[in-house]
$ cat model_35.cif   # mmCIF, C-alpha atoms
data_final
loop_
_atom_site.label_atom_id
_atom_site.label_comp_id
_atom_site.auth_asym_id
_atom_site.auth_seq_id
_atom_site.Cartn_x
_atom_site.Cartn_y
_atom_site.Cartn_z
CA MET Z 120 62.77 144.05 138.28
CA ALA Z 121 62.61 142.93 134.67
CA ASP Z 122 63.63 145.35 131.97
CA PHE Z 123 61.61 145.93 128.83
CA SER Z 124 63.92 144.36 126.24
CA ASN Z 125 64.36 141.31 128.42
CA ILE Z 126 60.57 140.79 128.54
CA ILE Z 127 60.27 141.27 124.79
CA SER Z 128 62.77 138.49 124.18
CA HIS Z 129 60.72 136.14 126.35
CA LEU Z 130 57.24 136.93 125.05
CA GLN Z 131 56.85 133.50 123.44
CA THR Z 132 56.94 131.89 126.90
CA TYR Z 133 53.88 133.91 127.93
CA TYR Z 134 52.01 134.25 124.65
CA PRO Z 135 51.62 130.91 122.84
CA PHE Z 136 50.60 132.71 119.62
CA TRP Z 137 53.88 134.68 119.50
CA ASP Z 138 55.61 132.41 116.98
CA ARG Z 139 52.52 132.62 114.75
CA LEU Z 140 52.84 136.40 114.37
CA ASN Z 141 54.63 137.90 111.39
CA GLU Z 142 57.32 140.57 111.88
CA ARG Z 143 54.89 143.43 111.33
CA GLU Z 144 52.53 142.03 113.96
CA LYS Z 145 55.36 141.48 116.47
CA GLU Z 146 56.48 145.04 115.93
CA ALA Z 147 52.91 146.36 116.41
CA PHE Z 148 52.58 144.33 119.62
CA THR Z 149 55.85 145.39 121.24
CA SER Z 150 55.95 149.03 120.12
CA CYS Z 151 52.61 149.63 121.78
CA SER Z 152 53.36 147.74 125.02
CA SER Z 153 54.89 149.17 128.18
CA LEU Z 154 56.06 148.19 131.64
CA ARG Z 155 54.14 149.52 134.62
CA ASN Z 156 55.24 149.47 138.23
CA CYS Z 157 52.22 149.53 140.53
CA PRO Z 158 52.81 149.92 144.27
CA LYS Z 159 50.45 147.94 146.52
CA GLY Z 160 47.01 149.51 146.57
CA THR Z 161 47.28 151.20 143.17
CA PHE Z 162 44.09 151.25 141.14
CA ILE Z 163 45.08 149.90 137.72
CA HIS Z 164 43.39 151.62 134.81
CA SER Z 165 43.96 153.10 131.39
CA GLU Z 166 45.18 156.65 131.10
CA ARG Z 167 43.08 157.03 127.98
CA ASP Z 168 39.34 156.80 127.82
CA GLU Z 169 39.25 153.12 126.89
CA CYS Z 170 39.99 149.77 128.49
CA LEU Z 171 43.49 148.99 129.68
CA GLY Z 172 44.39 146.20 127.26
CA ILE Z 173 45.99 142.83 127.82
CA LEU Z 174 47.98 142.56 130.99
CA LEU Z 175 50.80 140.19 131.90
CA VAL Z 176 51.79 140.05 135.58
CA LEU Z 177 55.60 139.92 135.87
CA SER Z 178 55.65 140.09 139.65
CA GLY Z 179 53.31 140.81 142.55
CA GLN Z 180 49.57 140.20 142.61
CA VAL Z 181 46.57 141.88 141.01
CA ARG Z 182 43.09 141.68 142.49
CA VAL Z 183 40.26 141.70 139.95
CA TYR Z 184 36.87 142.82 141.23
CA ILE Z 185 33.55 144.38 140.31
CA GLN Z 186 31.60 147.11 142.02
CA SER Z 187 27.86 147.70 142.18
CA ASP Z 188 26.20 151.06 141.53
CA GLU Z 189 26.06 151.45 145.30
CA GLY Z 190 29.79 150.82 145.68
CA ARG Z 191 29.62 147.24 146.97
CA GLU Z 192 32.69 145.27 145.90
CA ALA Z 193 33.17 141.64 145.02
CA THR Z 194 36.58 140.06 144.38
CA LEU Z 195 36.42 137.90 141.25
CA PHE Z 196 39.91 136.42 141.11
CA ARG Z 197 43.57 137.21 141.61
CA LEU Z 198 46.40 137.22 139.08
CA GLY Z 199 49.92 136.18 140.08
CA ARG Z 200 53.31 136.05 138.37
CA GLY Z 201 53.02 134.87 134.76
CA ASP Z 202 49.23 135.24 134.63
CA ILE Z 203 47.64 137.04 131.71
CA CYS Z 204 44.44 139.06 131.97
CA THR Z 205 42.32 139.53 128.86
CA LEU Z 206 39.15 140.74 130.60
CA SER Z 207 41.01 144.04 131.03
CA ALA Z 208 40.82 144.28 127.22
CA SER Z 209 37.02 143.93 127.19
CA CYS Z 210 36.58 146.93 124.87
CA MET Z 211 38.14 144.93 122.02
CA ILE Z 212 36.16 141.76 122.79
CA ASP Z 213 32.57 142.30 121.65
CA GLU Z 214 31.38 139.20 123.47
CA ILE Z 215 32.30 140.61 126.90
CA THR Z 216 29.62 142.94 128.13
CA PHE Z 217 30.75 143.89 131.60
CA ASP Z 218 33.70 145.76 133.06
CA ILE Z 219 36.12 144.69 135.73
CA LEU Z 220 38.21 146.77 138.10
CA MET Z 221 41.76 145.96 139.15
CA GLU Z 222 44.10 146.95 141.92
CA ALA Z 223 47.63 145.91 142.85
CA ALA Z 224 47.19 143.66 145.91
CA GLU Z 225 51.00 143.67 146.28
CA ASP Z 226 53.74 145.80 144.70
CA SER Z 227 53.41 144.59 141.13
CA GLN Z 228 55.16 144.89 137.82
CA LEU Z 229 52.95 144.58 134.76
CA PHE Z 230 53.51 144.31 131.04
CA VAL Z 231 50.58 146.07 129.41
CA THR Z 232 49.64 145.75 125.75
CA PRO Z 233 46.91 148.28 124.98
CA VAL Z 234 44.17 147.95 122.42
CA CYS Z 235 46.25 149.75 119.75
CA GLY Z 236 48.74 146.87 119.80
CA MET Z 237 46.23 144.05 119.80
CA ARG Z 238 43.00 144.91 117.98
CA ARG Z 239 44.40 144.49 114.47
CA ILE Z 240 46.40 141.37 115.38
CA MET Z 241 43.33 139.79 116.93
CA LYS Z 242 41.38 140.51 113.76
CA ASP Z 243 44.03 139.20 111.36
CA ASN Z 244 45.57 136.30 113.27
CA ILE Z 245 43.34 133.36 114.20
CA TYR Z 246 45.93 132.06 116.72
CA ALA Z 247 46.05 135.36 118.57
CA GLU Z 248 42.26 135.61 118.48
CA ASN Z 249 41.91 132.07 119.76
CA PHE Z 250 44.34 132.73 122.61
CA ILE Z 251 42.30 135.75 123.70
CA TYR Z 252 39.01 133.85 123.68
CA LYS Z 253 40.52 130.78 125.35
CA ARG Z 254 42.05 132.82 128.15
CA SER Z 255 38.83 134.86 128.47
CA THR Z 256 36.84 131.64 128.80
CA GLU Z 257 39.16 130.59 131.63
CA GLU Z 258 38.94 133.92 133.44
CA LEU Z 259 35.17 134.16 133.01
CA SER Z 260 34.79 130.67 134.38
CA GLU Z 261 36.75 131.73 137.47
CA VAL Z 262 34.53 134.79 137.80
CA ILE Z 263 31.43 132.62 137.68
CA TRP Z 264 32.81 130.26 140.26
CA SER Z 265 33.48 133.17 142.63
CA MET Z 266 30.08 134.69 141.95
CA SER Z 267 28.23 131.45 142.54
CA GLN Z 268 30.07 131.14 145.85
CA MET Z 269 28.77 134.57 146.77
CA LEU Z 270 25.26 133.82 145.51
CA PHE Z 271 24.89 130.44 147.10
CA GLN Z 272 27.33 130.95 149.97
CA SER Z 273 27.36 127.67 151.64
CA PHE Z 274 30.24 125.41 150.90
CA ASP Z 275 32.91 127.95 151.82
CA LYS Z 276 31.24 128.36 155.22
CA ARG Z 277 30.85 124.65 155.73
CA LEU Z 278 34.47 123.95 154.83
CA ALA Z 279 35.74 126.84 156.98
CA ALA Z 280 33.64 125.62 159.91
CA TRP Z 281 34.93 122.08 159.50
CA LEU Z 282 38.59 123.22 159.43
CA GLU Z 283 38.01 125.40 162.50
CA ASP Z 284 36.38 122.47 164.35
CA GLU Z 285 39.36 120.25 163.54
CA ARG Z 286 41.80 122.92 164.71
CA ARG Z 287 39.96 123.29 168.00
CA SER Z 288 39.54 119.60 168.62
CA THR Z 289 43.18 118.72 167.90
CA GLY Z 290 44.67 121.96 169.24
CA SER Z 291 46.91 122.12 166.15
CA PRO Z 292 46.68 124.33 163.05
CA VAL Z 293 48.00 121.40 160.99
CA ILE Z 294 45.12 119.20 159.90
CA ALA Z 295 46.38 115.87 158.58
CA THR Z 296 43.81 114.83 156.02
CA THR Z 297 43.28 114.38 152.29
CA HIS Z 298 40.86 116.33 150.11
CA ASP Z 299 39.01 113.09 149.58
CA GLN Z 300 38.54 112.57 153.33
CA ILE Z 301 37.26 116.12 153.74
CA ALA Z 302 34.83 115.59 150.86
CA LYS Z 303 33.49 112.45 152.53
CA ASN Z 304 33.11 114.29 155.83
CA LEU Z 305 31.18 117.11 154.19
CA GLY Z 306 29.16 115.03 151.74
CA SER Z 307 30.78 116.78 148.82
CA ALA Z 308 33.05 115.89 145.88
CA ARG Z 309 36.85 115.88 146.06
CA GLU Z 310 37.05 118.36 143.14
CA VAL Z 311 34.82 120.82 144.98
CA VAL Z 312 36.93 120.54 148.14
CA SER Z 313 40.20 120.95 146.21
CA ARG Z 314 38.97 124.02 144.41
CA MET Z 315 37.72 125.67 147.60
CA LEU Z 316 40.96 124.85 149.42
CA LYS Z 317 42.93 126.42 146.57
CA TYR Z 318 40.73 129.49 146.94
CA PHE Z 319 41.38 129.52 150.71
CA GLU Z 320 45.11 129.25 149.94
CA ARG Z 321 45.04 132.16 147.50
CA GLU Z 322 43.21 134.23 150.10
CA GLY Z 323 45.91 133.38 152.65
CA TYR Z 324 43.70 131.40 155.04
CA VAL Z 325 45.52 128.07 154.71
CA SER Z 326 48.60 126.55 153.17
CA LEU Z 327 48.34 123.22 151.41
CA SER Z 328 50.78 120.35 151.38
CA ARG Z 329 50.55 116.65 150.64
CA GLY Z 330 48.21 115.06 153.18
CA ALA Z 331 47.75 118.22 155.24
CA VAL Z 332 45.96 121.54 155.41
CA THR Z 333 47.61 124.14 157.66
CA ILE Z 334 45.51 127.01 158.95
CA ILE Z 335 47.61 130.17 158.79
CA ASN Z 336 44.89 132.78 159.26
CA PRO Z 337 42.27 131.45 161.70
CA ARG Z 338 40.67 134.89 161.99
CA GLY Z 339 40.10 135.08 158.24
CA LEU Z 340 38.55 131.64 158.33
CA ALA Z 341 36.37 132.55 161.31
CA ALA Z 342 35.15 135.66 159.47
CA LEU Z 343 33.88 133.40 156.69
CA ILE Z 344 31.80 131.38 159.11
CA ASP Z 345 29.98 134.32 160.64
CA MET D 194 9.71 120.43 112.33
CA ALA D 195 13.05 120.28 110.58
CA ASP D 196 14.34 116.94 109.39
CA PHE D 197 17.88 115.77 109.98
CA SER D 198 19.23 115.88 106.41
CA ASN D 199 17.77 119.34 105.95
CA ILE D 200 19.64 120.61 109.01
CA ILE D 201 22.87 118.98 107.84
CA SER D 202 22.69 120.83 104.56
CA HIS D 203 22.35 124.16 106.41
CA LEU D 204 25.03 123.69 109.07
CA GLN D 205 27.25 126.38 107.57
CA THR D 206 24.63 129.01 108.41
CA TYR D 207 24.87 128.09 112.10
CA TYR D 208 28.51 127.05 112.42
CA PRO D 209 30.89 129.61 110.85
CA PHE D 210 33.75 127.07 110.96
CA TRP D 211 31.83 124.56 108.81
CA ASP D 212 33.53 125.47 105.51
CA ARG D 213 36.92 125.14 107.25
CA LEU D 214 36.32 121.48 108.09
CA ASN D 215 37.64 118.74 105.83
CA GLU D 216 35.35 115.91 104.66
CA ARG D 217 36.47 113.58 107.42
CA GLU D 218 35.71 116.22 110.06
CA LYS D 219 32.30 117.00 108.55
CA GLU D 220 31.49 113.30 108.58
CA ALA D 221 32.60 112.97 112.24
CA PHE D 222 30.46 115.98 113.19
CA THR D 223 27.26 114.87 111.46
CA SER D 224 27.43 111.14 112.12
CA CYS D 225 27.56 111.81 115.85
CA SER D 226 24.84 114.49 115.95
CA SER D 227 21.14 113.93 116.46
CA LEU D 228 17.84 115.75 116.62
CA ARG D 229 16.00 115.91 119.92
CA ASN D 230 12.43 116.93 120.50
CA CYS D 231 11.97 118.26 124.03
CA PRO D 232 8.44 119.03 125.24
CA LYS D 233 8.11 122.07 127.51
CA GLY D 234 9.51 121.34 130.97
CA THR D 235 11.90 118.59 129.87
CA PHE D 236 15.20 118.51 131.72
CA ILE D 237 17.86 118.40 128.99
CA HIS D 238 20.80 116.17 129.77
CA SER D 239 23.12 113.57 128.35
CA GLU D 240 22.04 109.94 128.36
CA ARG D 241 25.66 108.96 128.94
CA ASP D 242 27.69 109.87 131.97
CA GLU D 243 29.24 112.96 130.42
CA CYS D 244 28.19 116.43 129.35
CA LEU D 245 25.60 116.87 126.63
CA GLY D 246 27.76 118.46 123.94
CA ILE D 247 27.15 121.43 121.70
CA LEU D 248 23.54 122.33 121.27
CA LEU D 249 21.81 124.25 118.47
CA VAL D 250 18.26 125.41 119.13
CA LEU D 251 16.14 124.87 116.00
CA SER D 252 12.89 125.96 117.60
CA GLY D 253 11.48 126.73 121.03
CA GLN D 254 13.41 128.08 124.01
CA VAL D 255 15.92 126.58 126.44
CA ARG D 256 16.44 127.96 129.93
CA VAL D 257 20.00 127.66 131.24
CA TYR D 258 20.40 127.75 135.01
CA ILE D 259 22.52 126.68 137.96
CA GLN D 260 21.50 125.13 141.23
CA SER D 261 23.10 125.39 144.65
CA ASP D 262 23.81 122.42 146.92
CA GLU D 263 20.61 123.35 148.74
CA GLY D 264 18.57 123.32 145.55
CA ARG D 265 18.27 127.08 145.02
CA GLU D 266 18.05 127.92 141.33
CA ALA D 267 19.28 130.86 139.32
CA THR D 268 18.43 131.40 135.65
CA LEU D 269 21.57 132.36 133.73
CA PHE D 270 20.23 132.98 130.24
CA ARG D 271 17.82 131.68 127.64
CA LEU D 272 18.54 130.26 124.20
CA GLY D 273 16.17 130.86 121.30
CA ARG D 274 15.93 129.73 117.69
CA GLY D 275 19.37 129.68 116.02
CA ASP D 276 21.29 130.05 119.29
CA ILE D 277 24.19 127.72 120.00
CA CYS D 278 25.16 126.59 123.49
CA THR D 279 28.76 125.55 124.12
CA LEU D 280 28.63 125.64 127.93
CA SER D 281 26.69 122.39 127.65
CA ALA D 282 29.95 120.92 126.29
CA SER D 283 31.94 121.99 129.35
CA CYS D 284 33.52 118.54 129.76
CA MET D 285 35.53 119.12 126.58
CA ILE D 286 36.50 122.68 127.49
CA ASP D 287 39.15 122.51 130.22
CA GLU D 288 38.82 126.21 130.96
CA ILE D 289 35.20 125.88 132.10
CA THR D 290 35.04 124.68 135.67
CA PHE D 291 31.36 124.73 136.48
CA ASP D 292 28.28 122.95 135.24
CA ILE D 293 25.03 124.33 133.96
CA LEU D 294 21.57 122.79 133.89
CA MET D 295 19.08 123.17 131.07
CA GLU D 296 15.37 122.73 130.58
CA ALA D 297 13.04 123.30 127.66
CA ALA D 298 11.11 126.46 128.55
CA GLU D 299 8.89 125.82 125.50
CA ASP D 300 8.44 122.79 123.24
CA SER D 301 11.86 122.77 121.62
CA GLN D 302 13.72 121.03 118.85
CA LEU D 303 17.47 120.74 119.33
CA PHE D 304 20.38 119.63 117.19
CA VAL D 305 22.86 118.06 119.59
CA THR D 306 26.49 117.30 118.73
CA PRO D 307 27.99 115.26 121.56
CA VAL D 308 31.59 115.25 122.67
CA CYS D 309 32.45 112.28 120.41
CA GLY D 310 31.73 114.45 117.37
CA MET D 311 33.54 117.56 118.52
CA ARG D 312 36.52 116.80 120.76
CA ARG D 313 38.88 115.73 117.96
CA ILE D 314 37.73 118.52 115.61
CA MET D 315 38.25 121.11 118.31
CA LYS D 316 41.77 119.78 118.87
CA ASP D 317 42.71 119.65 115.19
CA ASN D 318 40.92 122.65 113.72
CA ILE D 319 41.82 126.12 114.99
CA TYR D 320 38.67 127.65 113.45
CA ALA D 321 36.39 125.19 115.24
CA GLU D 322 38.32 125.69 118.48
CA ASN D 323 38.11 129.46 118.12
CA PHE D 324 34.36 129.32 117.50
CA ILE D 325 33.87 127.30 120.68
CA TYR D 326 35.91 129.71 122.81
CA LYS D 327 34.35 132.78 121.22
CA ARG D 328 30.82 131.54 121.78
CA SER D 329 31.75 130.41 125.33
CA THR D 330 33.11 133.89 126.06
CA GLU D 331 29.79 135.33 124.94
CA GLU D 332 27.69 132.92 127.00
CA LEU D 333 29.89 133.31 130.09
CA SER D 334 29.64 137.05 129.81
CA GLU D 335 25.83 136.72 129.81
CA VAL D 336 26.05 134.45 132.84
CA ILE D 337 28.13 137.03 134.68
CA TRP D 338 25.75 139.80 133.80
CA SER D 339 22.82 137.78 135.20
CA MET D 340 24.79 136.84 138.31
CA SER D 341 25.86 140.38 139.02
CA GLN D 342 22.21 141.42 138.75
CA MET D 343 21.40 138.84 141.39
CA LEU D 344 24.36 139.83 143.56
CA PHE D 345 23.87 143.54 143.38
CA GLN D 346 20.14 143.55 142.66
CA SER D 347 19.38 147.16 142.20
CA PHE D 348 19.02 148.38 138.67
CA ASP D 349 16.36 145.82 137.72
CA LYS D 350 14.25 146.97 140.66
CA ARG D 351 14.77 150.63 139.89
CA LEU D 352 13.86 150.18 136.23
CA ALA D 353 10.83 148.02 137.06
CA ALA D 354 9.67 150.60 139.61
CA TRP D 355 10.08 153.42 137.11
CA LEU D 356 8.08 151.57 134.41
CA GLU D 357 5.34 150.78 136.93
CA ASP D 358 5.19 154.43 138.02
CA GLU D 359 4.83 155.54 134.40
CA ARG D 360 2.10 153.00 133.78
CA ARG D 361 0.14 154.19 136.80
CA SER D 362 0.59 157.88 136.11
CA THR D 363 -0.44 157.65 132.43
CA GLY D 364 -2.96 154.86 132.90
CA SER D 365 -1.51 153.13 129.81
CA PRO D 366 0.75 150.09 129.50
CA VAL D 367 2.44 151.75 126.50
CA ILE D 368 5.23 154.02 127.70
CA ALA D 369 6.38 156.32 124.91
CA THR D 370 10.05 156.93 125.64
CA THR D 371 13.53 156.17 124.39
CA HIS D 372 16.18 154.14 126.21
CA ASP D 373 18.22 157.31 126.39
CA GLN D 374 15.42 159.19 128.16
CA ILE D 375 14.97 156.37 130.67
CA ALA D 376 18.72 156.38 131.33
CA LYS D 377 18.61 160.11 132.03
CA ASN D 378 15.65 159.64 134.36
CA LEU D 379 17.42 156.92 136.30
CA GLY D 380 20.93 158.40 136.26
CA SER D 381 22.21 155.43 134.31
CA ALA D 382 23.73 154.76 130.88
CA ARG D 383 21.71 154.02 127.75
CA GLU D 384 23.55 150.69 127.26
CA VAL D 385 22.61 149.57 130.77
CA VAL D 386 18.95 150.47 130.20
CA SER D 387 18.88 148.72 126.80
CA ARG D 388 20.39 145.54 128.19
CA MET D 389 17.98 145.42 131.12
CA LEU D 390 14.98 146.11 128.87
CA LYS D 391 16.09 143.26 126.60
CA TYR D 392 16.25 141.06 129.67
CA PHE D 393 12.74 142.19 130.69
CA GLU D 394 11.57 141.39 127.15
CA ARG D 395 13.08 137.89 127.23
CA GLU D 396 11.38 137.29 130.58
CA GLY D 397 8.07 138.38 129.05
CA TYR D 398 7.56 141.49 131.20
CA VAL D 399 7.61 144.02 128.37
CA SER D 400 7.67 144.20 124.59
CA LEU D 401 9.96 146.70 122.90
CA SER D 402 9.34 148.77 119.83
CA ARG D 403 10.83 151.94 118.41
CA GLY D 404 10.19 154.77 120.85
CA ALA D 405 8.04 152.71 123.22
CA VAL D 406 8.11 150.13 125.97
CA THR D 407 4.87 148.19 126.44
CA ILE D 408 4.24 146.46 129.74
CA ILE D 409 2.70 143.08 129.02
CA ASN D 410 3.13 141.42 132.42
CA PRO D 411 2.65 144.05 135.17
CA ARG D 412 2.51 141.34 137.85
CA GLY D 413 5.93 140.00 136.85
CA LEU D 414 7.31 143.49 136.95
CA ALA D 415 5.72 144.16 140.34
CA ALA D 416 7.26 140.95 141.71
CA LEU D 417 10.69 142.33 140.83
CA ILE D 418 10.08 145.46 142.85
CA ASP D 419 9.09 143.67 146.06
#
$ encode --input "model_35.cif" --output "structure tokens"
Amino acid sequence: MADFSNIISHLQTYYPFWDRLNEREKEAFTSCSSLRNCPKGTFIHSERDECLGILLVLSGQVRVYIQSDEGREATLFRLGRGDICTLSASCMIDEITFDILMEAAEDSQLFVTPVCGMRRIMKDNIYAENFIYKRSTEELSEVIWSMSQMLFQSFDKRLAAWLEDERRSTGSPVIATTHDQIAKNLGSAREVVSRMLKYFEREGYVSLSRGAVTIINPRGLAALID
Amino acid sequence: MADFSNIISHLQTYYPFWDRLNEREKEAFTSCSSLRNCPKGTFIHSERDECLGILLVLSGQVRVYIQSDEGREATLFRLGRGDICTLSASCMIDEITFDILMEAAEDSQLFVTPVCGMRRIMKDNIYAENFIYKRSTEELSEVIWSMSQMLFQSFDKRLAAWLEDERRSTGSPVIATTHDQIAKNLGSAREVVSRMLKYFEREGYVSLSRGAVTIINPRGLAALID
């Protein structure tokens, strides 16, 4: 596991605005930050009555989801090693008007920079502010992609059904094909197929390699179809 | 209707980064931009094979929506006078990985700045870039709010049902109440009630005034409940 001072000395590799901060801002950022070790299944939240802050995943995996009033859950995206989450700092971003929930999907180590360390920097430093909004745009776009899948549920089913058909007809979990060929088979676009396959990979249904899709969790895939 | 040179001379009121642009950048921005008059019902799109660009609504209303492969539609948000849309410039924002559709919900006049006028500026000018990401964050957050309503459909129905009950029991379309009182009645938070009432107002179901909610389209509200 990484130790705190080691992370601090590598912050510029994670935060592109790091070299644009002055010494006072760097000090404010680091003095407020802390390492958190979250065993698998831990609900990740702030100990204070505010949002968690900006989160850098050093190891493991974090699942980001929302919950309805009735307790229904929807996974929005997952964060892996080196990923930064800014939606978890929504209380300092006026433009974000909804809250996410997070849990450790694997044993995870996180570097958390709470609001106290970031709010002032974001206000004073255009590069830090821009990083936050740029990363938020990226995360929100992922959220919308996931939500539109749930709303319009169709292509994930069609792709899962096609992969399952191939597996049955060839008797092999290794499907030798390109994303372009799949797109042609399903009357879709290569980009759409690639994105959905990457989603399937993140969810552990398939593994991807050049010219092949390997089904590693046929049950998970079958559950999508039903 | 506004004329082009008049708009140009007021761009700093719409675009906060305007005064941060140099003369060359201002020239690139304006020389590429154009006014568009879109009668109600017009589908708003680029004439070239790329995304439309950044859009400023000078008058009227634009409905922003997505469509599934099967043609199902979902309204994401609406833009009114003075609103800027950056999601319509998604092709120049790498972080945005989905496309929106737009139509004029009323006769509308738009000031459109296509990719040619913005891509270079966004790359060179941190203030312009930050404006784009900030505004995108705001729009995407609205999109997610709308989508989660559709996914979890519950609070809109409950609020619509409550308003309808009040209307019937008092016999008046004017419901004298505060957002806080409604929240208490529905076991929700004031912010949630306010946001949903604003949504109802934009959809033309109610009009809002201090201490009162007036139902102006009871049929629309009833359709939500069913």
$ resolve_selection --input "model_35.cif" --expression "the PyMOL selection byres ((chain Z) within 6 of (chain D))" --output "MDAnalysis selection string"
chainID Z and resid 187 214:215 249 252:253 256:257 260 271
$ resolve_selection --input "model_35.cif" --expression "the PyMOL selection byres ((chain D and resi 409) around 12)" --output "list in words"
Leu356, Glu357, Arg360, Ser365, Pro366, Val367, Ile368, Phe393, Glu394, Arg395, Glu396, Gly397, Tyr398, Val399, Ser400, Leu401, Val406, Thr407, Ile408, Asn410, Pro411, Arg412, Gly413, Leu414 and Ala415 of chain D
$ resolve_selection --input "model_35.cif" --expression "the PyMOL selection byres ((chain Z and resi 278) around 10)" --output "PyMOL selection string"
chain Z and resi 273-277+279-284+301-302+304-305+312+315-316+319+340+343-344
$ residues_around --input "model_35.cif" --residues "Leu245 (chain D)" --least-positions-apart "6" --cutoff "12 Å" --atoms "all atoms listed in the file" --output "list in words"
Ser226, Ser227, Arg229, Phe236, Ile237, His238, Ser239, Cys278, Thr279, Leu280, Ser281, Ala282, Ser283, Cys284, Met285, Asp292, Ile293, Leu294, Met295, Leu303, Phe304, Val305, Thr306, Pro307, Val308, Cys309, Gly310 and Met311 of chain D
$ atom_distance --input "model_35.cif" --atom1 "CA of Arg182 (chain Z)" --atom2 "CA of Leu154 (chain Z)"
18.1 Å
$ atom_distance --input "model_35.cif" --atom1 "CA of Leu175 (chain Z)" --atom2 "CA of Tyr133 (chain Z)"
8.0 Å
$ atom_distance --input "model_35.cif" --atom1 "CA of Tyr134 (chain Z)" --atom2 "CA of Val176 (chain Z)"
12.4 Å
$ residues_around --input "model_35.cif" --residues "Leu177 (chain Z)" --least-positions-apart "6" --cutoff "6 Å" --atoms "all atoms listed in the file" --output "list in words"
Arg200, Gly201, Gln228 and Leu229 of chain Z
$ write_last_selection --input "model_35.cif" --atoms "C-alpha atoms" --output "CSV table (one decimal), keeping the file's coordinate frame"
chain,number,residue,atom,x,y,z
Z,200,ARG,CA,53.3,136.0,138.4
Z,201,GLY,CA,53.0,134.9,134.8
Z,228,GLN,CA,55.2,144.9,137.8
Z,229,LEU,CA,53.0,144.6,134.8
$ closest_residue --input "model_35.cif" --among "Z:Arg239, Z:Lys317, Z:Gly330, Z:Asp299" --to "Arg197 (chain Z)" --atoms "only C-alpha atoms"
Z:Lys317
